[in-house]
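*Asks:* Before I ask anything, here is the structure I am working with.
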Amino acid sequence: MKALFSRVITLCLVGSAVISSVAVAANDEINTTNPYEMIKQVANKTFDRFKTDRALIDADLGHLKVIVNEELMPYVDYKYAAYKVMGQYLRDTTPDQRDRFVEAFEGYLVATYAQALTEYTNQAVEFDPASDFSEEKIVEINVQIIEKGRPPIKIQFKARRLKDNSWKAFDLVAEGVSLLASKQSEISNLIRQQGIEAVISMLNDKTKQQIDRQPVKEAAAA
């Protein structure tokens, strides 16, 4: 399942630009008032940056973290996701611990997405038509990853409406399995067993790991 999520992240971030009809110039603003357009635009912009910075990436794979930080993370509600991941242990932490956990979780996501970007091929990604979201607080953007010789992978991006009426993504569901829910189960168990400070340290250590060209499937199994 870890390999599936890593592959899905890769294909959605860079594969969607292959067929998306929404073009975003480097200096254009992302339309955060429309969650469907936002997801497509962020994918396009991330992929464009990936191509523009190809020489920098070849010289230092760590540059992928810069791209993820600048092009992707502004549209991910990592604080909301971090609180969800902490689950019932959220109320047992101090404000300082919560702040440091959110920071560590953000770094962990950046490293995860950056590693996923090292595995890119030209699969097609099809977005379902947008639905009316005018009265919704949470929407699901349905996507299919099409790869020759394999059954389509069905996924969903989940996005939530913020108080200022903008939207941010907070979860990815692959073949019915939520990335957020799986991380909540994994990390909340670690908090129960080892404590919040140990988990913060663990996340920070994972954030510091170097990005390499090892296939994501092998890296996840290591």
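Identifiers in the structure tokens: chain A, B, ... in order shown; residue index from 1 per chain; ligand index from 1 in order shown.
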Output as a ChimeraX atom specification all residues of stretch 57-169 of chain A that backbone DSSP marks as alpha helix (DSSP H).

*Replies:* /A:57-59,63-67,78-86,95-116

*Asks:* DSSP on the backbone: what in stretch 1-221 of chain A comes out strand (DSSP E or B), as a PyMOL selection string?

*Replies:* chain A and resi 76+124-127+138-146+153-161+167-174+177-178

*Asks:* Using only C-alpha atoms, which protein or nucleic acid residues come within 8 Å of stretch 82-84 of chain A? Drop anything in the same chain fewer than 5 positions from it, and give the result as a PyMOL selection string.

*Replies:* chain A and resi 90+101-102+105-106+180+184

*Asks:* When you look at A:Glu70 with a cut-off of 12 Å (counting only C-alpha atoms), what residues show up, excluding the ones that are within fewer than 3 positions of it in the same chain? I need them as a PyMOL selection string.

*Replies:* chain A and resi 26+42+45-46+49-50+63-67+73-76+110+114

*Asks:* For A:Thr93, list every protein, DNA or RNA residue within 12 Å, evaluated using only C-alpha atoms, and leave out those in the same chain fewer than 3 positions away; present the list as JSON, numbers by chain.

*Replies:* {"A": [83, 86, 87, 88, 89, 90, 96, 97, 98, 99, 100, 101, 102, 191, 195, 196, 197, 200]}

*Asks:* Pick out the residues sitting within 12 Å of A:Gln209, and hand them over as a PyMOL selection string; count only C-alpha atoms, and ignore anything fewer than 5 positions along from it in its own chain.

*Replies:* chain A and resi 61-62+65+107-108+110-112+114-115+202-204+219

*Asks:* Let's have the selection written as a compact mmCIF listing (two decimals), in the first residue's frame, with C-alpha atoms.

*Replies:*
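selection_11.txt, freshly written:
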```txt
# COMPACT_ATOMS: atom_id res chain seq x y z
CA LEU A 61 17.95 15.81 -6.02
CA GLY A 62 17.40 17.78 -2.84
CA LYS A 65 12.10 19.58 -1.86
CA GLY A 107 8.60 18.35 6.54
CA TYR A 108 7.78 14.65 6.36
CA VAL A 110 7.64 17.45 1.68
CA ALA A 111 10.22 14.66 1.78
CA THR A 112 7.61 12.05 0.81
CA ALA A 114 9.92 14.95 -3.26
CA GLN A 115 10.97 11.29 -3.23
CA MET A 202 11.26 10.32 14.05
CA LEU A 203 9.46 12.60 11.60
CA ASN A 204 12.33 15.10 11.68
CA ALA A 219 12.40 2.59 -1.03
```

*Asks:* Write out as a VMD selection string each polymer residue whose atoms come within 12 Å of A:Ala169, counting only C-alpha atoms; drop sequence neighbours fewer than 6 positions from it.

*Replies:* chain A and resid 32 34 to 40 42 72 to 81 137 to 141 156 to 162 180

*Asks:* Please determine, counting only C-alpha atoms, which residue among A:Asp205, A:Asp60, A:Asp48, A:Glu135 has the shortest atom-to-atom distance to A:Thr118.

*Replies:* A:Asp60

*Asks:* Just how far from atom CA of A:Leu117 is atom CA of A:Asp212, in Å to one decimal?

*Replies:*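 Atom-to-atom, atom CA of A:Asp212 and atom CA of A:Leu117 are spaced 10.3 Å apart.
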
*Asks:* By how many Å are atom CA of A:Ala181 and atom CA of A:Val85 apart?

*Replies:* 7.3 Å

*Asks:* Quick one, how far is atom CA of A:Lys154 from atom CA of A:Ser185?

*Replies:*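 Atom CA of A:Ser185 lies at a distance of 22.3 Å from atom CA of A:Lys154.
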